[in-house]
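Shown next: upload18.txt, given as compact mmCIF, C-alpha atoms.
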# COMPACT_ATOMS: atom_id res chain seq x y z
CA MET W 463 92.04 -13.67 58.66
CA GLY W 464 89.06 -14.09 56.38
CA ARG W 465 89.25 -17.87 56.17
CA TRP W 466 86.44 -20.14 57.27
CA GLU W 467 86.79 -21.30 60.88
CA PRO W 468 84.97 -24.47 61.86
CA ASN W 469 82.19 -23.76 64.39
CA ALA W 470 83.50 -20.26 65.10
CA ARG W 471 80.21 -19.14 66.65
CA GLY W 472 80.08 -22.04 69.08
CA ARG W 473 83.74 -21.62 70.04
CA LEU W 474 83.24 -17.90 70.69
CA GLU W 475 80.13 -18.57 72.79
CA GLU W 476 81.93 -21.18 74.84
CA ALA W 477 85.00 -18.98 75.33
CA ALA W 478 82.87 -15.98 76.32
CA MET W 479 80.86 -17.94 78.87
CA ALA W 480 84.02 -19.45 80.40
CA LEU W 481 85.63 -16.00 80.70
CA PHE W 482 82.48 -14.30 82.07
CA HIS W 483 82.43 -17.05 84.68
CA GLU W 484 86.15 -16.76 85.53
CA ARG W 485 86.79 -13.00 85.28
CA GLY W 486 83.31 -11.55 85.37
CA TYR W 487 81.40 -9.96 82.51
CA THR W 488 82.87 -6.49 83.04
CA GLY W 489 86.42 -7.81 83.23
CA THR W 490 86.20 -9.65 79.89
CA THR W 491 86.98 -7.98 76.56
CA VAL W 492 86.22 -9.05 73.00
CA GLU W 493 89.98 -9.45 72.57
CA ASP W 494 90.03 -11.94 75.48
CA ILE W 495 87.13 -13.90 74.02
CA ALA W 496 88.68 -14.12 70.56
CA ALA W 497 92.06 -15.14 72.00
CA ARG W 498 90.52 -17.86 74.20
CA ALA W 499 88.63 -19.23 71.20
CA GLY W 500 91.81 -19.16 69.08
CA LEU W 501 90.21 -16.71 66.68
CA THR W 502 90.68 -13.07 65.70
CA GLU W 503 88.62 -10.10 66.87
CA ARG W 504 87.65 -9.64 63.25
CA THR W 505 86.10 -13.11 63.26
CA PHE W 506 84.30 -12.27 66.53
CA PHE W 507 82.67 -9.25 64.92
CA ARG W 508 81.48 -11.30 61.98
CA TYR W 509 79.20 -13.15 64.42
CA PHE W 510 78.42 -10.68 67.22
CA ALA W 511 78.00 -6.90 67.40
CA ASP W 512 79.59 -6.79 70.88
CA LYS W 513 80.26 -9.03 73.88
CA ARG W 514 76.73 -8.54 75.19
CA GLU W 515 75.27 -10.10 72.06
CA VAL W 516 77.06 -13.38 72.78
CA LEU W 517 74.52 -13.77 75.60
CA PHE W 518 71.46 -12.89 73.52
CA SER W 519 72.11 -14.05 69.97
CA GLY W 520 70.42 -17.40 70.67
CA SER W 521 67.05 -15.82 71.36
CA ALA W 522 66.12 -15.33 67.70
CA GLY W 523 66.57 -19.05 67.05
CA LEU W 524 64.53 -19.95 70.12
CA GLU W 525 61.76 -17.58 69.03
CA ALA W 526 61.69 -19.10 65.53
CA LEU W 527 61.37 -22.62 66.98
CA ILE W 528 58.49 -21.57 69.23
CA VAL W 529 56.60 -19.68 66.53
CA GLU W 530 57.01 -22.54 64.03
CA ALA W 531 55.68 -25.04 66.57
CA ILE W 532 52.64 -22.86 67.31
CA GLU W 533 51.96 -22.50 63.59
CA ALA W 534 52.27 -26.27 63.15
CA ALA W 535 49.70 -27.05 65.87
CA PRO W 536 46.32 -28.20 64.49
CA ALA W 537 43.58 -25.56 64.59
CA SER W 538 41.70 -27.68 67.14
CA VAL W 539 44.44 -27.24 69.76
CA PRO W 540 43.44 -24.48 72.24
CA PRO W 541 45.79 -21.45 72.21
CA LEU W 542 47.62 -21.87 75.52
CA ALA W 543 47.95 -25.58 74.81
CA ALA W 544 49.60 -24.76 71.46
CA VAL W 545 52.03 -22.46 73.29
CA THR W 546 52.95 -24.97 76.00
CA ALA W 547 53.29 -27.75 73.40
CA ALA W 548 55.73 -25.46 71.56
CA PHE W 549 57.78 -25.11 74.78
CA ASP W 550 57.60 -28.85 75.22
CA ALA W 551 59.03 -29.26 71.72
CA LEU W 552 62.12 -27.24 72.76
CA THR W 553 63.27 -30.17 74.89
CA PRO W 554 65.88 -31.47 72.42
CA TRP W 555 67.19 -27.91 71.89
CA PHE W 556 67.62 -27.43 75.65
CA GLU W 557 69.06 -30.93 76.14
CA SER W 558 72.74 -30.06 75.64
CA ARG W 559 72.54 -26.52 76.99
CA ARG W 560 71.99 -26.83 80.75
CA GLY W 561 75.57 -25.96 81.79
CA HIS W 562 75.64 -23.02 79.39
CA ALA W 563 72.23 -21.83 80.57
CA ARG W 564 73.26 -21.89 84.23
CA LYS W 565 76.39 -19.81 83.57
CA ARG W 566 74.44 -17.41 81.37
CA ARG W 567 71.78 -16.97 84.06
CA ALA W 568 74.42 -16.17 86.69
CA VAL W 569 76.05 -13.52 84.45
CA ILE W 570 72.70 -11.89 83.68
CA ALA W 571 71.62 -11.90 87.33
CA ALA W 572 74.80 -10.03 88.28
CA HIS W 573 74.29 -7.12 85.87
CA ALA W 574 71.15 -4.97 85.89
CA GLU W 575 71.80 -3.85 82.30
CA LEU W 576 71.81 -7.48 81.13
CA GLY W 577 68.65 -8.21 83.12
CA GLU W 578 66.92 -5.36 81.29
CA ARG W 579 68.11 -6.70 77.96
CA GLU W 580 66.69 -10.11 78.91
CA LEU W 581 63.33 -8.51 79.79
CA ILE W 582 63.20 -6.87 76.38
CA LYS W 583 64.04 -10.16 74.65
CA LEU W 584 61.27 -11.96 76.54
CA SER W 585 58.85 -9.18 75.69
CA THR W 586 59.80 -9.57 72.01
CA LEU W 587 59.16 -13.30 72.34
CA ALA W 588 55.75 -12.60 73.93
CA ALA W 589 54.89 -10.28 71.03
CA ALA W 590 55.89 -12.96 68.49
CA ILE W 591 53.77 -15.56 70.28
CA ALA W 592 50.82 -13.15 70.43
CA ALA W 593 51.16 -12.47 66.69
CA SER W 594 51.10 -16.18 65.87
CA LEU W 595 48.02 -16.63 68.08
CA ARG W 596 46.25 -13.79 66.26
CA GLU W 597 47.06 -15.67 63.03
CA ARG W 598 45.10 -18.56 64.55
CA GLY W 599 42.10 -16.23 64.84
CA LEU W 600 42.45 -15.15 68.47
CA ALA W 601 41.33 -11.60 69.37
CA ALA W 602 44.23 -9.28 70.22
CA PRO W 603 43.63 -8.88 73.99
CA THR W 604 43.24 -12.63 74.46
CA ALA W 605 46.30 -13.36 72.33
CA GLY W 606 48.29 -10.97 74.53
CA LEU W 607 47.01 -12.56 77.75
CA VAL W 608 47.77 -16.09 76.55
CA ALA W 609 51.22 -15.11 75.23
CA GLU W 610 52.21 -13.36 78.47
CA THR W 611 50.92 -16.27 80.53
CA GLY W 612 52.98 -18.51 78.26
CA ILE W 613 56.08 -16.46 79.08
CA ALA W 614 55.32 -16.85 82.81
CA ILE W 615 55.18 -20.62 82.28
CA PHE W 616 58.36 -20.57 80.20
CA LYS W 617 60.32 -18.62 82.83
CA ASN W 618 59.10 -20.88 85.62
CA ALA W 619 59.92 -24.04 83.63
CA PHE W 620 63.33 -22.64 82.73
CA GLU W 621 64.21 -21.89 86.37
CA ARG W 622 63.09 -25.34 87.50
CA TRP W 623 65.03 -26.98 84.68
CA ALA W 624 68.20 -24.98 85.35
CA ASP W 625 67.99 -25.73 89.10
CA ASP W 626 67.08 -29.41 88.74
CA ALA W 627 69.76 -31.52 90.42
CA GLU W 628 68.16 -34.60 88.90
CA GLU W 629 68.58 -33.06 85.44
CA GLN W 630 65.13 -34.07 84.24
CA ASP W 631 64.37 -32.70 80.80
CA PHE W 632 62.71 -29.41 79.91
CA ALA W 633 59.33 -30.95 79.02
CA VAL W 634 59.00 -32.33 82.55
CA HIS W 635 59.39 -28.84 83.96
CA VAL W 636 56.99 -27.31 81.43
CA ARG W 637 54.36 -29.78 82.59
CA ALA W 638 55.05 -29.01 86.25
CA ALA W 639 54.68 -25.27 85.57
CA VAL W 640 51.43 -25.84 83.68
CA ALA W 641 50.05 -27.99 86.48
CA GLU W 642 50.86 -25.27 89.04
CA LEU W 643 49.25 -22.60 86.91
CA GLN W 644 46.15 -24.70 86.42
CA ALA W 645 45.88 -25.21 90.17
CA ALA W 646 46.43 -21.48 90.83
CA THR W 647 43.83 -20.29 88.33
CA ALA W 648 41.24 -22.90 89.30
CA ALA W 649 41.50 -21.64 92.89
CA ILE W 650 40.40 -18.08 92.01
CA VAL W 651 36.88 -17.25 92.98
CA PRO W 652 35.89 -13.96 91.38
CA VAL W 653 35.41 -11.20 93.93
CA THR W 654 32.29 -9.22 93.24
CA SER W 655 32.03 -6.88 96.21
CA SER W 656 33.31 -3.81 94.38
CA SER W 657 31.69 -4.56 91.04
CA ARG W 658 29.25 -2.02 89.74
CA ARG W 659 28.03 -3.84 86.66
CA SER W 660 28.35 -7.52 87.12
CA GLY W 661 27.17 -8.55 83.66
CA ALA W 662 30.61 -8.37 82.03
CA VAL W 663 31.94 -11.71 83.18
CA ALA W 664 28.71 -13.47 82.26
CA ARG W 665 29.03 -11.96 78.82
CA ALA W 666 32.68 -12.95 78.55
CA ARG W 667 32.03 -16.58 79.45
CA PRO W 668 29.58 -18.70 81.41
CA THR W 669 29.51 -18.17 85.15
CA PRO W 670 32.14 -20.34 86.86
CA ARG W 671 30.83 -23.49 88.44
CA ARG W 672 31.79 -22.59 91.96
CA SER W 673 29.57 -20.04 93.64
CA ARG W 674 30.73 -16.45 93.84
CA VAL W 675 31.87 -14.98 97.12
CA SER W 676 29.99 -11.71 97.20
CA SER W 677 30.35 -10.88 100.84
CA ARG W 678 34.13 -10.52 101.04
CA GLY W 679 34.68 -7.14 102.66
CA ARG W 680 37.35 -4.73 101.57
CA THR W 681 38.29 -1.44 103.17
CA MET T 10 60.39 30.27 94.21
CA GLY T 11 60.45 27.98 97.18
CA ARG T 12 56.91 28.65 98.31
CA TRP T 13 54.31 25.92 98.60
CA GLU T 14 52.22 25.50 95.46
CA PRO T 15 48.84 23.83 95.82
CA ASN T 16 48.76 20.44 94.04
CA ALA T 17 51.97 21.17 92.12
CA ARG T 18 52.52 17.48 91.31
CA GLY T 19 49.05 17.04 89.82
CA ARG T 20 49.31 20.28 87.84
CA LEU T 21 52.69 19.26 86.42
CA GLU T 22 51.39 15.81 85.48
CA GLU T 23 48.37 17.27 83.76
CA ALA T 24 50.44 19.89 81.91
CA ALA T 25 52.99 17.29 80.81
CA MET T 26 50.36 14.92 79.47
CA ALA T 27 48.58 17.70 77.59
CA LEU T 28 51.85 18.83 76.00
CA PHE T 29 53.03 15.28 75.14
CA HIS T 30 49.66 14.85 73.43
CA GLU T 31 49.82 18.19 71.56
CA ARG T 32 53.53 18.48 70.65
CA GLY T 33 54.81 14.96 71.15
CA TYR T 34 57.05 13.71 73.92
CA THR T 35 60.28 14.63 72.14
CA GLY T 36 59.06 18.13 71.34
CA THR T 37 58.20 18.94 74.96
CA THR T 38 60.73 20.36 77.42
CA VAL T 39 60.66 20.64 81.21
CA GLU T 40 60.49 24.41 80.68
CA ASP T 41 57.32 23.98 78.60
CA ILE T 42 55.74 21.76 81.24
CA ALA T 43 56.51 24.14 84.11
CA ALA T 44 55.23 27.12 82.11
CA ARG T 45 51.98 25.38 81.18
CA ALA T 46 51.43 24.44 84.83
CA GLY T 47 52.15 28.04 85.91
CA LEU T 48 55.14 26.85 87.96
CA THR T 49 58.90 27.20 87.82
CA GLU T 50 61.38 24.62 86.52
CA ARG T 51 62.80 24.52 90.02
CA THR T 52 59.41 23.40 91.32
CA PHE T 53 59.29 20.76 88.56
CA PHE T 54 62.59 19.28 89.71
CA ARG T 55 61.37 19.09 93.29
CA TYR T 56 58.87 16.46 92.11
CA PHE T 57 60.46 14.77 89.10
CA ALA T 58 64.03 13.93 88.06
CA ASP T 59 63.22 14.56 84.39
CA LYS T 60 60.27 14.69 82.00
CA ARG T 61 60.28 10.90 81.60
CA GLU T 62 59.59 10.45 85.30
CA VAL T 63 56.30 12.32 84.99
CA LEU T 64 55.08 9.21 83.15
CA PHE T 65 56.40 6.71 85.69
CA SER T 66 56.27 8.35 89.10
CA GLY T 67 52.80 6.90 89.75
CA SER T 68 54.04 3.31 89.63
CA ALA T 69 55.49 3.30 93.15
CA GLY T 70 52.09 4.26 94.58
CA LEU T 71 50.34 1.61 92.52
CA GLU T 72 52.84 -1.01 93.68
CA ALA T 73 52.32 -0.03 97.33
CA LEU T 74 48.53 -0.35 96.98
CA ILE T 75 48.84 -3.81 95.41
CA VAL T 76 51.35 -5.12 97.95
CA GLU T 77 49.29 -3.81 100.88
CA ALA T 78 46.15 -5.47 99.53
CA ILE T 79 47.95 -8.81 99.11
CA GLU T 80 49.29 -8.55 102.65
CA ALA T 81 45.81 -7.76 103.95
CA ALA T 82 44.24 -10.84 102.31
CA PRO T 83 43.40 -13.62 104.81
CA ALA T 84 45.84 -16.55 104.78
CA SER T 85 43.04 -18.78 103.48
CA VAL T 86 42.83 -16.86 100.19
CA PRO T 87 44.78 -18.74 97.45
CA PRO T 88 47.76 -16.79 96.07
CA LEU T 89 46.52 -15.82 92.60
CA ALA T 90 43.14 -14.94 94.12
CA ALA T 91 44.91 -12.59 96.56
CA VAL T 92 46.70 -10.96 93.62
CA THR T 93 43.58 -10.51 91.50
CA ALA T 94 41.61 -9.22 94.52
CA ALA T 95 44.40 -6.66 94.97
CA PHE T 96 43.92 -5.54 91.36
CA ASP T 97 40.19 -5.44 91.94
CA ALA T 98 40.79 -3.13 94.90
CA LEU T 99 42.54 -0.62 92.57
CA THR T 100 39.17 0.23 91.03
CA PRO T 101 38.66 3.51 92.95
CA TRP T 102 42.27 4.52 92.17
CA PHE T 103 41.72 3.95 88.44
CA GLU T 104 38.24 5.55 88.50
CA SER T 105 39.32 9.14 87.74
CA ARG T 106 42.34 8.25 85.62
CA ARG T 107 41.01 6.79 82.36
CA GLY T 108 41.68 9.88 80.20
CA HIS T 109 45.15 10.26 81.66
CA ALA T 110 45.89 6.55 81.21
CA ARG T 111 44.86 6.64 77.54
CA LYS T 112 47.14 9.59 76.78
CA ARG T 113 49.99 8.04 78.74
CA ARG T 114 49.61 4.76 76.86
CA ALA T 115 49.74 6.55 73.49
CA VAL T 116 52.94 8.41 74.46
CA ILE T 117 54.62 5.22 75.66
CA ALA T 118 53.57 3.26 72.57
CA ALA T 119 55.22 5.88 70.35
CA HIS T 120 58.67 5.72 71.99
CA ALA T 121 60.62 2.48 72.28
CA GLU T 122 62.70 3.89 75.14
CA LEU T 123 59.52 4.56 77.15
CA GLY T 124 58.20 1.09 76.35
CA GLU T 125 61.38 -0.40 77.78
CA ARG T 126 61.03 1.72 80.89
CA GLU T 127 57.43 0.47 81.27
CA LEU T 128 58.64 -3.14 80.95
CA ILE T 129 61.16 -2.57 83.73
CA LYS T 130 58.50 -1.00 85.96
CA LEU T 131 56.16 -3.96 85.40
CA SER T 132 59.00 -6.35 86.15
CA THR T 133 59.66 -4.47 89.40
CA LEU T 134 55.96 -4.79 90.22
CA ALA T 135 56.10 -8.54 89.50
CA ALA T 136 59.10 -8.86 91.83
CA ALA T 137 57.26 -6.98 94.60
CA ILE T 138 54.19 -9.21 94.19
CA ALA T 139 56.38 -12.34 94.24
CA ALA T 140 58.07 -11.11 97.43
CA SER T 141 54.73 -10.60 99.17
CA LEU T 142 53.60 -14.07 98.07
CA ARG T 143 56.78 -15.60 99.51
CA GLU T 144 55.87 -13.81 102.76
CA ARG T 145 52.62 -15.79 102.62
CA GLY T 146 54.69 -18.97 102.56
CA LEU T 147 54.77 -19.67 98.84
CA ALA T 148 57.88 -21.34 97.40
CA ALA T 149 59.96 -19.01 95.23
CA PRO T 150 59.31 -20.59 91.80
CA THR T 151 55.55 -20.70 92.44
CA ALA T 152 55.54 -17.13 93.76
CA GLY T 153 57.29 -16.04 90.55
CA LEU T 154 54.84 -17.91 88.34
CA VAL T 155 51.79 -16.51 90.14
CA ALA T 156 53.21 -12.97 90.16
CA GLU T 157 54.03 -13.02 86.44
CA THR T 158 50.64 -14.49 85.64
CA GLY T 159 49.16 -11.70 87.75
CA ILE T 160 50.99 -9.15 85.62
CA ALA T 161 49.59 -10.79 82.46
CA ILE T 162 46.10 -10.41 83.96
CA PHE T 163 46.83 -6.82 85.01
CA LYS T 164 48.03 -5.81 81.53
CA ASN T 165 45.05 -7.45 79.86
CA ALA T 166 42.59 -5.84 82.28
CA PHE T 167 44.28 -2.48 81.83
CA GLU T 168 44.03 -2.62 78.02
CA ARG T 169 40.37 -3.64 78.17
CA TRP T 170 39.62 -0.90 80.67
CA ALA T 171 41.45 1.78 78.67
CA ASP T 172 39.70 0.72 75.44
CA ASP T 173 36.23 0.30 76.95
CA ALA T 174 33.81 2.66 75.21
CA GLU T 175 31.22 1.81 77.85
CA GLU T 176 33.65 2.93 80.54
CA GLN T 177 32.91 0.02 82.85
CA ASP T 178 35.14 0.02 85.90
CA PHE T 179 38.52 -1.67 86.34
CA ALA T 180 37.17 -4.53 88.48
CA VAL T 181 34.87 -5.62 85.65
CA HIS T 182 37.86 -5.95 83.35
CA VAL T 183 39.94 -7.77 85.95
CA ARG T 184 37.17 -10.35 86.23
CA ALA T 185 36.93 -10.69 82.45
CA ALA T 186 40.70 -11.24 82.23
CA VAL T 187 40.58 -13.82 85.03
CA ALA T 188 37.70 -15.65 83.34
CA GLU T 189 39.64 -15.81 80.07
CA LEU T 190 42.74 -17.07 81.79
CA GLN T 191 40.76 -19.73 83.64
CA ALA T 192 39.24 -20.89 80.36
CA ALA T 193 42.66 -20.90 78.65
CA THR T 194 44.42 -22.89 81.37
CA ALA T 195 41.56 -25.34 81.85
CA ALA T 196 41.79 -26.15 78.13
CA ILE T 197 45.41 -27.34 78.32
CA VAL T 198 45.80 -31.07 78.21
CA PRO T 199 49.40 -31.95 79.05
CA VAL T 200 51.28 -33.34 76.08
CA THR T 201 53.34 -36.34 77.05
CA SER T 202 54.66 -37.59 73.72
CA SER T 203 58.16 -36.19 74.21
CA SER T 204 58.40 -36.80 77.94
CA ARG T 205 61.14 -39.05 79.12
CA ARG T 206 60.28 -39.29 82.82
CA SER T 207 56.62 -38.70 83.31
CA GLY T 208 56.61 -38.95 87.10
CA ALA T 209 57.48 -35.30 87.73
CA VAL T 210 54.01 -33.85 87.30
CA ALA T 211 52.48 -36.49 89.51
CA ARG T 212 55.06 -35.60 92.14
CA ALA T 213 54.40 -31.89 91.75
CA ARG T 214 50.65 -32.19 92.23
CA PRO T 215 47.85 -34.71 91.75
CA THR T 216 47.12 -35.79 88.21
CA PRO T 217 44.66 -33.39 86.56
CA ARG T 218 41.10 -34.59 86.44
CA ARG T 219 40.82 -34.77 82.71
CA SER T 220 42.57 -37.67 81.10
CA ARG T 221 45.93 -37.08 79.48
CA VAL T 222 46.23 -37.19 75.73
CA SER T 223 49.33 -39.27 75.23
CA SER T 224 48.94 -39.96 71.56
CA ARG T 225 49.20 -36.45 70.19
CA GLY T 226 51.88 -36.65 67.52
CA ARG T 227 54.47 -33.98 66.97
CA THR T 228 56.94 -33.78 64.13
What do you get writing this file as structure tokens?
Amino acid sequence: MGRWEPNARGRLEEAAMALFHERGYTGTTVEDIAARAGLTERTFFRYFADKREVLFSGSAGLEALIVEAIEAAPASVPPLAAVTAAFDALTPWFESRRGHARKRRAVIAAHAELGERELIKLSTLAAAIAASLRERGLAAPTAGLVAETGIAIFKNAFERWADDAEEQDFAVHVRAAVAELQAATAAIVPVTSSSRRSGAVARARPTPRRSRVSSRGRT
Amino acid sequence: MGRWEPNARGRLEEAAMALFHERGYTGTTVEDIAARAGLTERTFFRYFADKREVLFSGSAGLEALIVEAIEAAPASVPPLAAVTAAFDALTPWFESRRGHARKRRAVIAAHAELGERELIKLSTLAAAIAASLRERGLAAPTAGLVAETGIAIFKNAFERWADDAEEQDFAVHVRAAVAELQAATAAIVPVTSSSRRSGAVARARPTPRRSRVSSRGRT
């Protein structure tokens, strides 16, 4: 019972994902997972608190990789660039996980409770990224904005990567997401029609190059 | 009991927020809220399912305002610009609500369960924004990216607005958030050192104007 089992965690994860796929998440028990992996329930509970945690236990490792990469970026690297470079550096980690990630995504999409858990995990990741950006000297509101934008990029890159029939690597999709975001933000022309004190933007940063549209009506 | 009470919803909201502030969220009952508002519990339950919903019932109205504004934006307006203009258009709605918003934020920050509920509400808002962007012809992954980035802007603008001792209006803070995001995204230079197939970005959109840094090392 208590003996060491080679790669027990990996075997349990693989067994759980296969069973969730075959029988559904609700129809799978911890007993089923342990049996499929050729392990005991007692071994299962040494690694996971419950069957849900099989889906989410990887997120702490992912978060650690991202935070370490941000911390390792030279001080001269701008904050959002440090974040996207950290995602880029996840490429080897994601390399062998595409099949697993697709199955996991399908299970989570089918259960609202799991979707909420995923939201909370991503919010925790955003908070960790924001904390490491504050360590780099960024003010709190900016660190939050950059971290949340980073999560938007991450989610977009992840979806593209999981859906990619050509199986191009994660870094390719991070770059595509960044390029789309750059295009989207560059296309915003601040709307000033409802502004009452227009000095705030000028104080926050120099006036954008393109001229403001001040005549756009709104009802 | 069943008679019409003038502005019962507003009175209940105000009473609830005052009590959450004075006695804490946990220490306040529906009975307390109804009594403070000079109404019956039965009237309370005509408007809210429970005391938690007093904090979140406004989000449906906010979502409707945002989605309507996006739908009303001319087709020529780029997607993220339509989203930020929709936030800008919330300025009159936010105008009278700063005190309420500050108290609400403090209550939510003090209770993890309420924070999770807020996350879910913001995720629902992101999904509604993404749906209205798909209606404008945007591909699903891009709509998701723009919507989530919009939420990052919204949260940043909201925090600035709630914290603003000068009490400048919401639109001012939306513009400041947009300006920061534009600066942050413009500063990203794609990292190509770990890329294996570098054609994907070029396929996704034209090469960014600034030259790529291809020599940035990563360990």
Please, which residues in chain T fall within 6 Å of chain W when counting all atoms listed in the file, and what is the closest atom pair and distance in Å to one decimal for each, ordered by chain then residue number, as JSON lines?
{"residue": "T:Leu89", "atom": "CA", "partner": "W:Ala646", "partner_atom": "CA", "distance": 5.9}
{"residue": "T:Ala90", "atom": "CA", "partner": "W:Ile650", "partner_atom": "CA", "distance": 4.7}
{"residue": "T:Leu154", "atom": "CA", "partner": "W:Ala614", "partner_atom": "CA", "distance": 5.7}
{"residue": "T:Glu157", "atom": "CA", "partner": "W:Ala614", "partner_atom": "CA", "distance": 5.4}
{"residue": "T:Thr158", "atom": "CA", "partner": "W:Thr611", "partner_atom": "CA", "distance": 5.4}
{"residue": "T:Ala161", "atom": "CA", "partner": "W:Glu610", "partner_atom": "CA", "distance": 5.4}
{"residue": "T:Asn165", "atom": "CA", "partner": "W:Leu607", "partner_atom": "CA", "distance": 5.9}
{"residue": "T:Ala185", "atom": "CA", "partner": "W:Val663", "partner_atom": "CA", "distance": 5.1}
{"residue": "T:Gln191", "atom": "CA", "partner": "W:Thr647", "partner_atom": "CA", "distance": 5.6}
{"residue": "T:Ala193", "atom": "CA", "partner": "W:Leu542", "partner_atom": "CA", "distance": 5.9}
{"residue": "T:Thr194", "atom": "CA", "partner": "W:Gln644", "partner_atom": "CA", "distance": 5.6}
{"residue": "T:Ile197", "atom": "CA", "partner": "W:Ala543", "partner_atom": "CA", "distance": 4.7}
{"residue": "T:Val210", "atom": "CA", "partner": "W:Ala638", "partner_atom": "CA", "distance": 5.1}
*Mind listing whatever residues come within 12 Å of the point (62.6, 23.4, 91.1)? Use all atoms listed in the file, file coordinates, and give them as a PyMOL selection string.*
chain T and resi 10-14+17-18+21+39-40+43+48-59
Got time to write the residues from that selection, C-alpha atoms, as a CSV table (one decimal), in the frame of the given file?
chain,number,residue,atom,x,y,z
T,10,MET,CA,60.4,30.3,94.2
T,11,GLY,CA,60.4,28.0,97.2
T,12,ARG,CA,56.9,28.6,98.3
T,13,TRP,CA,54.3,25.9,98.6
T,14,GLU,CA,52.2,25.5,95.5
T,17,ALA,CA,52.0,21.2,92.1
T,18,ARG,CA,52.5,17.5,91.3
T,21,LEU,CA,52.7,19.3,86.4
T,39,VAL,CA,60.7,20.6,81.2
T,40,GLU,CA,60.5,24.4,80.7
T,43,ALA,CA,56.5,24.1,84.1
T,48,LEU,CA,55.1,26.8,88.0
T,49,THR,CA,58.9,27.2,87.8
T,50,GLU,CA,61.4,24.6,86.5
T,51,ARG,CA,62.8,24.5,90.0
T,52,THR,CA,59.4,23.4,91.3
T,53,PHE,CA,59.3,20.8,88.6
T,54,PHE,CA,62.6,19.3,89.7
T,55,ARG,CA,61.4,19.1,93.3
T,56,TYR,CA,58.9,16.5,92.1
T,57,PHE,CA,60.5,14.8,89.1
T,58,ALA,CA,64.0,13.9,88.1
T,59,ASP,CA,63.2,14.6,84.4
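Counting from atom CA of T:Ala110, the distance to atom CA of W:Ala590 is 25.3 Å.
The shortest atom-to-atom distance to W:Arg514, with only C-alpha atoms taken into account, belongs to W:Leu576 out of W:His483, W:Arg596, W:Leu576, W:Phe556.
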*asked:* What does the structure give for the distance between atom CA of T:Ala24 and atom CA of T:Trp102, in Å to one decimal?
replied: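 Going from atom CA of T:Ala24 over to atom CA of T:Trp102, I get 20.2 Å.
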*Please, what distance in Å, to one decimal, runs between atom CA of W:Phe482 and atom CA of W:Lys583?*
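It comes out at 20.3 Å.
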*Would you mind listing what lies within 8 Å of T:Ala171 as a PyMOL selection string, with only C-alpha atoms counted and same-chain residues fewer than 4 positions away left out?*
chain T and resi 107+110-111+167
*Between T:Glu122, T:Ser141, T:Ala135, T:Asp173, which is the closest to T:Thr35 once you count only C-alpha atoms?*
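Smallest distance to T:Thr35 is found for T:Glu122.
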Please give the centre and size of the box around stretch 483-498 of chain W (axis-aligned, containing every atom listed in the file, 6 Å added per side), with values in Å to one decimal and written as lines of an AutoDock Vina configuration file.
center_x = 86.7
center_y = -12.2
center_z = 78.0
size_x = 22.7
size_y = 23.4
size_z = 27.0
*Tell me which of T:Ala69, T:Val116, T:Ala121, T:Leu147 sits closest to T:Ala25, counting all atoms listed in the file.*
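Ranked by minimum distance to T:Ala25, first place goes to T:Val116.
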*Would you please work out which residue, of T:Ala118, T:Ala148, T:Leu142, T:Ala174, is nearest to T:Glu80 when using only C-alpha atoms?*
T:Leu142
Would you fill the gaps in stretch 79-85 of chain T so it has N, CA, C and O atoms, then print it as an mmCIF file, keeping the file's coordinate frame?
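selection-v5.cif, written as the output of this step:
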data_model
loop_
_atom_site.group_PDB
_atom_site.id
_atom_site.type_symbol
_atom_site.label_atom_id
_atom_site.label_comp_id
_atom_site.auth_asym_id
_atom_site.auth_seq_id
_atom_site.Cartn_x
_atom_site.Cartn_y
_atom_site.Cartn_z
ATOM 1 N N ILE T 79 47.580 -7.380 99.022
ATOM 2 C CA ILE T 79 47.950 -8.810 99.110
ATOM 3 C C ILE T 79 48.240 -9.166 100.561
ATOM 4 O O ILE T 79 47.796 -10.204 101.065
ATOM 5 N N GLU T 80 48.964 -8.286 101.253
ATOM 6 C CA GLU T 80 49.290 -8.550 102.650
ATOM 7 C C GLU T 80 48.048 -8.599 103.530
ATOM 8 O O GLU T 80 48.004 -9.331 104.521
ATOM 9 N N ALA T 81 47.038 -7.812 103.141
ATOM 10 C CA ALA T 81 45.810 -7.760 103.950
ATOM 11 C C ALA T 81 44.889 -8.953 103.697
ATOM 12 O O ALA T 81 43.959 -9.185 104.467
ATOM 13 N N ALA T 82 45.133 -9.706 102.625
ATOM 14 C CA ALA T 82 44.240 -10.840 102.310
ATOM 15 C C ALA T 82 44.415 -11.941 103.353
ATOM 16 O O ALA T 82 45.535 -12.264 103.730
ATOM 17 N N PRO T 83 43.299 -12.515 103.830
ATOM 18 C CA PRO T 83 43.400 -13.620 104.810
ATOM 19 C C PRO T 83 44.269 -14.756 104.265
ATOM 20 O O PRO T 83 44.327 -14.963 103.045
ATOM 21 N N ALA T 84 44.926 -15.468 105.170
ATOM 22 C CA ALA T 84 45.840 -16.550 104.780
ATOM 23 C C ALA T 84 45.120 -17.633 103.970
ATOM 24 O O ALA T 84 45.732 -18.338 103.175
ATOM 25 N N SER T 85 43.801 -17.730 104.178
ATOM 26 C CA SER T 85 43.040 -18.780 103.480
ATOM 27 C C SER T 85 42.829 -18.469 101.996
ATOM 28 O O SER T 85 42.421 -19.345 101.231
#
